[in-house]
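Student: Okay, here's the structure, questions in a sec.
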Amino acid sequence: MNMQETRRAARQRRRRRGLMVGTTTGLVVTGLLVCLVMTMRPDGEEDAGRAPATAVAQAQERHSPTSAGRKSSTPSPSAASASPSAGAKTPKASPTPSAAPSSASPRKAPATSSLAGRVRPDVTYRGVATVYQAGVGDGACSYGPSADMMIAAMNTTDYETSKACGAYVRVHAANGASVTVRITNECPLPCAPGQLDLSEQAFAELAPTSTGRLAITWSLLSPDTPGTISIRYKNGSSRYWCGIQAIGHRNPLARLEVRTSGGWRQLARTDYNYFLSPDGSGCGGAIRITDIFGERLTVEGIALRPEAVQPTRVQFARH
């Protein structure tokens with residue numbers, strides 16, 4: 001090998017060493033930069049790891065039994081189905097033109113009665129009074145003709161699938177007049193919450209019937225009512241199906257039960273104010289009724305005689 005080739009080979013070896021050193025240096029610098037960036041960046045990867053866990057937690061919450069139970073406490077009609085022998089419902093009061101919707105807002109704190117529905121003791125409600133021709137006083141509560149025409153139809157919202165039936169209500173007008181009425185009927189929409197549709201006789205105690213509508217306040221009453229409670233079986237009742245109704249109770253009813261071989265059985269209430277036993281269980285046996293204050297009365301010896309009004313010896317206490 002001559003001298004020129006030796007020098008050329010030496011220069012090529014120096015260039016390769018330079019490239020290797022440069023490459024190595026570049027890799028080291030790059031590695032240092034990566035480490036520096038990883039050290040200085042926020043916990044991005046940790047946050048990314050939390051997101052799926054949060055989504056799973058939210059999905060579990062949406063489908064958990066606790067969340068599923070958070071529904072509107074809005075009350076709903078009873079799902080009890082009447083048998084063919086239940087008959088047609090009693091016609092309801094014809095609605096009169098309603099005022100602007102007004103909520104039945106209480107002035108006082110409601111009583112802690114878990115058995116009461118929307119109409120509660122110790123609460124004053126605001127609304128309007130309208131007037132309707134009540135005829136003989138029969139209505140959606142299925143009581144039949146009324147001996148006392150001091151009666152009223154409760155708006156559908158506060159009627160609450162007949163929970164208001166039989167309730168005594170004291171009504172006050174702004175002019176100072178007042179009247180006590182018994183709820184025997186339902187006033188369908190457009191009757192607004194808080195509205196009472198009074199018989200002509202009852203409305204006349206507050207103002208001339210030509211007034212048509214009147215701003216009122218009203219509250220539940222537990223009156224000194226004479227007499228005792230009566231029980232009636234619905235037309236078509238037998239030991240295979242029956243409807244039972246209580247009449248003349250001082251306080252609104254919360255439930256009606258019948259005694260069966262398995263113990264007391266609570267019956268579902270209809271919007272025409274009968275409690276139904278669709279399979280006949282307990283029909284013709286002992287009956288237990290409970291008012292919204294929690295008082296229970298047991299009635300024995302009521303024969304299974306459809307449409308017969310049978311008196312008892314019991315009555316709820318005054319409150």
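Going through the structure tokens in order, the chains are called A, B, and so on, while each chain numbers its residues from 1 and the ligands are numbered from 1 in the order shown.
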So that I can see what lies close to region 236-247 of chain A, please list as a PyMOL selection string the residues with an atom at most 10 Å from it, counting only C-alpha atoms and leaving out residues fewer than 4 positions away in the same chain.
Tutor: chain A and resi 82-87+141-143+165-166+228-232+253+256-258+267-270+272-285+287+289+304-307+309-311
Student: Between CA of Trp264 (chain A) and CA of Tyr159 (chain A), what is the distance, to one decimal in Å?
Tutor: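 Between CA of Trp264 (chain A) and CA of Tyr159 (chain A) the gap is 26.4 Å.
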Student: What is the distance, in Å and to one decimal place, between CA of Tyr168 (chain A) and CA of Thr209 (chain A)?
Tutor: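 Between CA of Tyr168 (chain A) and CA of Thr209 (chain A) the gap works out to 21.4 Å.
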Student: Pick the closest to Gly227 (chain A) from A:Gly248, A:Val128, A:Glu186, A:His172: which is it, counting only C-alpha atoms?
Tutor: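 For Gly227 (chain A), the nearest of the candidates is A:Gly248.
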Student: Taking into account only C-alpha atoms, which residue in the set A:Ser199, A:Thr184, A:Asn175, A:Ser162 is nearest to Ala215 (chain A)?
Tutor: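 The answer is A:Asn175, which sits nearest to Ala215 (chain A).
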Student: Name the residues in contact with region 224-226 of chain A at a cut-off of 12 Å, using only C-alpha atoms, excluding same-chain residues fewer than 2 positions from it; report them as a CSV table (one decimal) with all heavy atoms, in the first residue's frame.
Tutor:
chain,number,residue,atom,x,y,z
A,166,GLY,N,-114.8,12.0,51.8
A,166,GLY,CA,-115.3,12.0,53.2
A,166,GLY,C,-114.7,13.0,54.1
A,166,GLY,O,-115.1,13.1,55.3
A,167,ALA,N,-113.7,13.7,53.6
A,167,ALA,CA,-113.0,14.7,54.5
A,167,ALA,C,-113.8,15.9,54.7
A,167,ALA,O,-114.6,16.3,53.8
A,167,ALA,CB,-111.7,15.1,53.8
A,168,TYR,N,-113.8,16.4,55.9
A,168,TYR,CA,-114.5,17.7,56.2
A,168,TYR,C,-113.5,18.8,56.1
A,168,TYR,O,-112.4,18.8,56.6
A,168,TYR,CB,-115.1,17.6,57.6
A,168,TYR,CG,-116.3,16.7,57.7
A,168,TYR,CD1,-116.1,15.4,58.0
A,168,TYR,CD2,-117.6,17.2,57.6
A,168,TYR,CE1,-117.2,14.5,58.1
A,168,TYR,CE2,-118.7,16.4,57.7
A,168,TYR,CZ,-118.5,15.0,58.0
A,168,TYR,OH,-119.6,14.2,58.1
A,180,THR,N,-118.4,24.9,56.4
A,180,THR,CA,-117.8,23.6,56.5
A,180,THR,C,-118.5,22.7,55.5
A,180,THR,O,-119.7,22.6,55.4
A,180,THR,CB,-117.9,23.0,57.9
A,180,THR,OG1,-117.2,23.8,58.8
A,180,THR,CG2,-117.3,21.6,57.9
A,182,ARG,N,-118.3,18.7,53.2
A,182,ARG,CA,-117.8,17.4,53.1
A,182,ARG,C,-117.4,17.1,51.7
A,182,ARG,O,-118.2,17.4,50.8
A,182,ARG,CB,-118.8,16.4,53.7
A,182,ARG,CG,-118.3,15.0,53.8
A,182,ARG,CD,-119.2,14.1,54.6
A,182,ARG,NE,-120.5,14.0,54.0
A,182,ARG,CZ,-121.0,13.0,53.4
A,182,ARG,NH1,-120.3,11.9,53.2
A,182,ARG,NH2,-122.2,13.0,52.9
A,221,LEU,N,-110.6,19.5,58.7
A,221,LEU,CA,-111.3,19.6,59.9
A,221,LEU,C,-111.6,18.2,60.5
A,221,LEU,O,-111.9,17.3,59.7
A,221,LEU,CB,-112.6,20.4,59.7
A,221,LEU,CG,-113.4,20.8,61.0
A,221,LEU,CD1,-112.5,21.9,61.7
A,221,LEU,CD2,-114.7,21.4,60.6
A,222,SER,N,-111.5,18.0,61.8
A,222,SER,CA,-111.9,16.8,62.4
A,222,SER,C,-113.1,17.2,63.3
A,222,SER,O,-112.9,17.5,64.5
A,222,SER,CB,-110.7,16.2,63.3
A,222,SER,OG,-111.1,15.0,63.9
A,228,THR,N,-122.0,7.0,63.9
A,228,THR,CA,-120.9,6.0,63.7
A,228,THR,C,-120.6,5.7,62.3
A,228,THR,O,-121.4,6.1,61.4
A,228,THR,CB,-121.2,4.7,64.5
A,228,THR,OG1,-122.4,4.2,64.0
A,228,THR,CG2,-121.3,5.0,66.0
A,229,ILE,N,-119.6,5.0,62.0
A,229,ILE,CA,-119.2,4.6,60.6
A,229,ILE,C,-120.1,3.5,60.1
A,229,ILE,O,-120.5,2.6,60.9
A,229,ILE,CB,-117.7,4.2,60.6
A,229,ILE,CG1,-116.8,5.4,61.0
A,229,ILE,CG2,-117.3,3.7,59.2
A,229,ILE,CD1,-115.4,5.1,61.2
A,248,GLY,N,-119.3,7.8,56.5
A,248,GLY,CA,-119.5,8.5,57.7
A,248,GLY,C,-118.3,8.6,58.7
A,248,GLY,O,-118.5,8.8,59.9
A,249,HIS,N,-117.1,8.4,58.2
A,249,HIS,CA,-115.9,8.5,59.0
A,249,HIS,C,-115.6,10.0,59.3
A,249,HIS,O,-115.6,10.8,58.4
A,249,HIS,CB,-114.8,7.8,58.4
A,249,HIS,CG,-114.6,8.0,56.9
A,249,HIS,ND1,-113.9,9.0,56.4
A,249,HIS,CD2,-115.1,7.2,55.9
A,249,HIS,CE1,-113.9,8.9,55.1
A,249,HIS,NE2,-114.6,7.9,54.7
A,250,ARG,N,-115.2,10.3,60.5
A,250,ARG,CA,-114.9,11.7,60.9
A,250,ARG,C,-113.6,12.2,60.2
A,250,ARG,O,-113.6,13.3,59.8
A,250,ARG,CB,-114.7,11.8,62.4
A,250,ARG,CG,-114.2,13.1,62.9
A,250,ARG,CD,-114.0,13.1,64.4
A,250,ARG,NE,-115.3,13.3,65.1
A,250,ARG,CZ,-115.8,12.4,66.0
A,250,ARG,NH1,-115.1,11.4,66.4
A,250,ARG,NH2,-116.9,12.7,66.6
A,251,ASN,N,-112.6,11.4,60.1
A,251,ASN,CA,-111.3,11.7,59.5
A,251,ASN,C,-111.1,11.0,58.2
A,251,ASN,O,-111.7,9.9,58.0
A,251,ASN,CB,-110.2,11.4,60.5
A,251,ASN,CG,-110.4,12.0,61.9
A,251,ASN,OD1,-110.8,13.2,62.0
A,251,ASN,ND2,-110.2,11.3,62.9
A,313,ARG,N,-120.5,0.2,65.4
A,313,ARG,CA,-120.5,0.9,66.7
A,313,ARG,C,-119.3,1.7,66.9
A,313,ARG,O,-119.0,2.1,68.0
A,313,ARG,CB,-120.7,-0.1,67.8
A,313,ARG,CG,-122.0,-0.9,67.7
A,313,ARG,CD,-122.1,-1.9,68.8
A,313,ARG,NE,-123.4,-2.6,68.8
A,313,ARG,CZ,-123.8,-3.5,69.7
A,313,ARG,NH1,-123.0,-3.8,70.7
A,313,ARG,NH2,-124.9,-4.1,69.5
A,314,VAL,N,-118.5,2.0,65.9
A,314,VAL,CA,-117.2,2.7,66.1
A,314,VAL,C,-117.2,4.0,65.3
A,314,VAL,O,-117.9,4.2,64.3
A,314,VAL,CB,-116.1,1.8,65.6
A,314,VAL,CG1,-116.0,0.5,66.5
A,314,VAL,CG2,-116.2,1.4,64.1
A,315,GLN,N,-116.3,4.9,65.8
A,315,GLN,CA,-116.0,6.2,65.1
A,315,GLN,C,-114.6,6.6,65.5
A,315,GLN,O,-114.1,6.3,66.6
A,315,GLN,CB,-117.0,7.2,65.5
A,315,GLN,CG,-116.8,8.6,64.9
A,315,GLN,CD,-116.9,8.6,63.4
A,315,GLN,OE1,-115.9,8.4,62.7
A,315,GLN,NE2,-118.1,8.8,62.8
A,316,PHE,N,-113.9,7.3,64.6
A,316,PHE,CA,-112.6,7.8,64.9
A,316,PHE,C,-112.6,8.9,65.9
A,316,PHE,O,-113.6,9.7,66.0
A,316,PHE,CB,-111.9,8.3,63.6
A,316,PHE,CG,-111.6,7.2,62.6
A,316,PHE,CD1,-112.1,7.2,61.4
A,316,PHE,CD2,-110.7,6.2,63.0
A,316,PHE,CE1,-111.8,6.2,60.5
A,316,PHE,CE2,-110.4,5.2,62.1
A,316,PHE,CZ,-110.9,5.1,60.8
A,317,ALA,N,-111.5,9.1,66.6
A,317,ALA,CA,-111.4,10.2,67.6
A,317,ALA,C,-111.3,11.5,66.9
A,317,ALA,O,-110.8,11.6,65.8
A,317,ALA,CB,-110.3,9.9,68.6
A,318,ARG,N,-111.6,12.6,67.6
A,318,ARG,CA,-111.4,14.0,67.1
A,318,ARG,C,-110.0,14.4,67.3
A,318,ARG,O,-109.3,13.9,68.2
A,318,ARG,CB,-112.3,15.0,67.9
A,318,ARG,CG,-113.8,14.9,67.6
A,318,ARG,CD,-114.5,16.1,68.2
A,318,ARG,NE,-114.1,17.3,67.5
A,318,ARG,CZ,-114.4,18.5,68.0
A,318,ARG,NH1,-115.1,18.7,69.1
A,318,ARG,NH2,-114.0,19.6,67.3
A,319,HIS,N,-109.5,15.2,66.4
A,319,HIS,CA,-108.1,15.8,66.4
A,319,HIS,C,-108.2,17.3,66.2
A,319,HIS,O,-109.1,17.8,65.6
A,319,HIS,CB,-107.3,15.1,65.4
A,319,HIS,CG,-107.0,13.7,65.7
A,319,HIS,ND1,-105.9,13.3,66.4
A,319,HIS,CD2,-107.7,12.5,65.4
A,319,HIS,CE1,-105.9,12.0,66.5
A,319,HIS,NE2,-107.0,11.5,65.9
Student: With only C-alpha atoms as the counted atoms, please give the residues lying no more than 10 Å from Ala202 (chain A), apart from itself and same-chain residues fewer than 2 positions off, as a list in words.
Tutor: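 Selected residues are Val131, Tyr132, Asp148, Met149, Met150, Ile151, Ala152, Val171, Ser178, Val179, Thr180, Val181, Asp197, Leu198, Ser199, Glu200, Ala204, Glu205, Leu206, Ala207 and Thr209 of chain A.
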Student: Run DSSP on the backbone and tell me which residues of region 251-296 of chain A come out as strand (DSSP E); list them as a list of chain:residue names.
Tutor: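 Listing strand (DSSP E) positions across region 251-296 of chain A yields A:Leu253, A:Ala254, A:Arg255, A:Leu256, A:Glu257, A:Val258, A:Arg259, A:Thr260, A:Gly263, A:Trp264, A:Arg265, A:Gln266, A:Ala268, A:Arg269, A:Phe275, A:Leu276, A:Ser277, A:Ile287, A:Arg288, A:Ile289, A:Thr290, A:Asp291, A:Arg296.
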Student: Export C-alpha atoms of the chosen residues as a CSV table (one decimal), in the first residue's frame?
Tutor:
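Contents of the output file selection-v9.csv:
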chain,number,residue,atom,x,y,z
A,253,LEU,CA,-109.3,7.1,55.6
A,254,ALA,CA,-105.7,6.0,55.0
A,255,ARG,CA,-106.3,2.3,54.4
A,256,LEU,CA,-108.8,-0.5,54.6
A,257,GLU,CA,-107.8,-4.1,55.4
A,258,VAL,CA,-109.6,-7.5,55.5
A,259,ARG,CA,-108.7,-10.5,57.6
A,260,THR,CA,-107.6,-13.5,55.7
A,263,GLY,CA,-103.4,-12.3,58.3
A,264,TRP,CA,-104.5,-8.7,57.5
A,265,ARG,CA,-104.5,-7.8,53.9
A,266,GLN,CA,-104.6,-4.2,52.7
A,268,ALA,CA,-106.2,-1.2,46.8
A,269,ARG,CA,-108.4,1.9,46.6
A,275,PHE,CA,-111.4,-0.9,48.2
A,276,LEU,CA,-111.2,-4.0,46.1
A,277,SER,CA,-110.4,-7.6,46.8
A,287,ILE,CA,-112.6,-5.4,58.3
A,288,ARG,CA,-110.0,-3.0,59.7
A,289,ILE,CA,-109.9,0.7,58.8
A,290,THR,CA,-107.2,3.3,59.6
A,291,ASP,CA,-107.5,7.0,59.5
A,296,ARG,CA,-107.2,1.6,63.7
Student: As an exercise, work out the distance from CA of Gly127 (chain A) to CA of Pro208 (chain A) in Å and give it to one decimal place.
Tutor: 18.1 Å
Student: I need the helix (DSSP H, G or I) residues of region 135-206 of chain A per DSSP on the backbone, written as a list in words.
Tutor: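 Matching residues for helix (DSSP H, G or I) in region 135-206 of chain A are Thr156, Thr157, Asp158, Tyr159, Glu200, Gln201, Ala202 and Phe203 of chain A.
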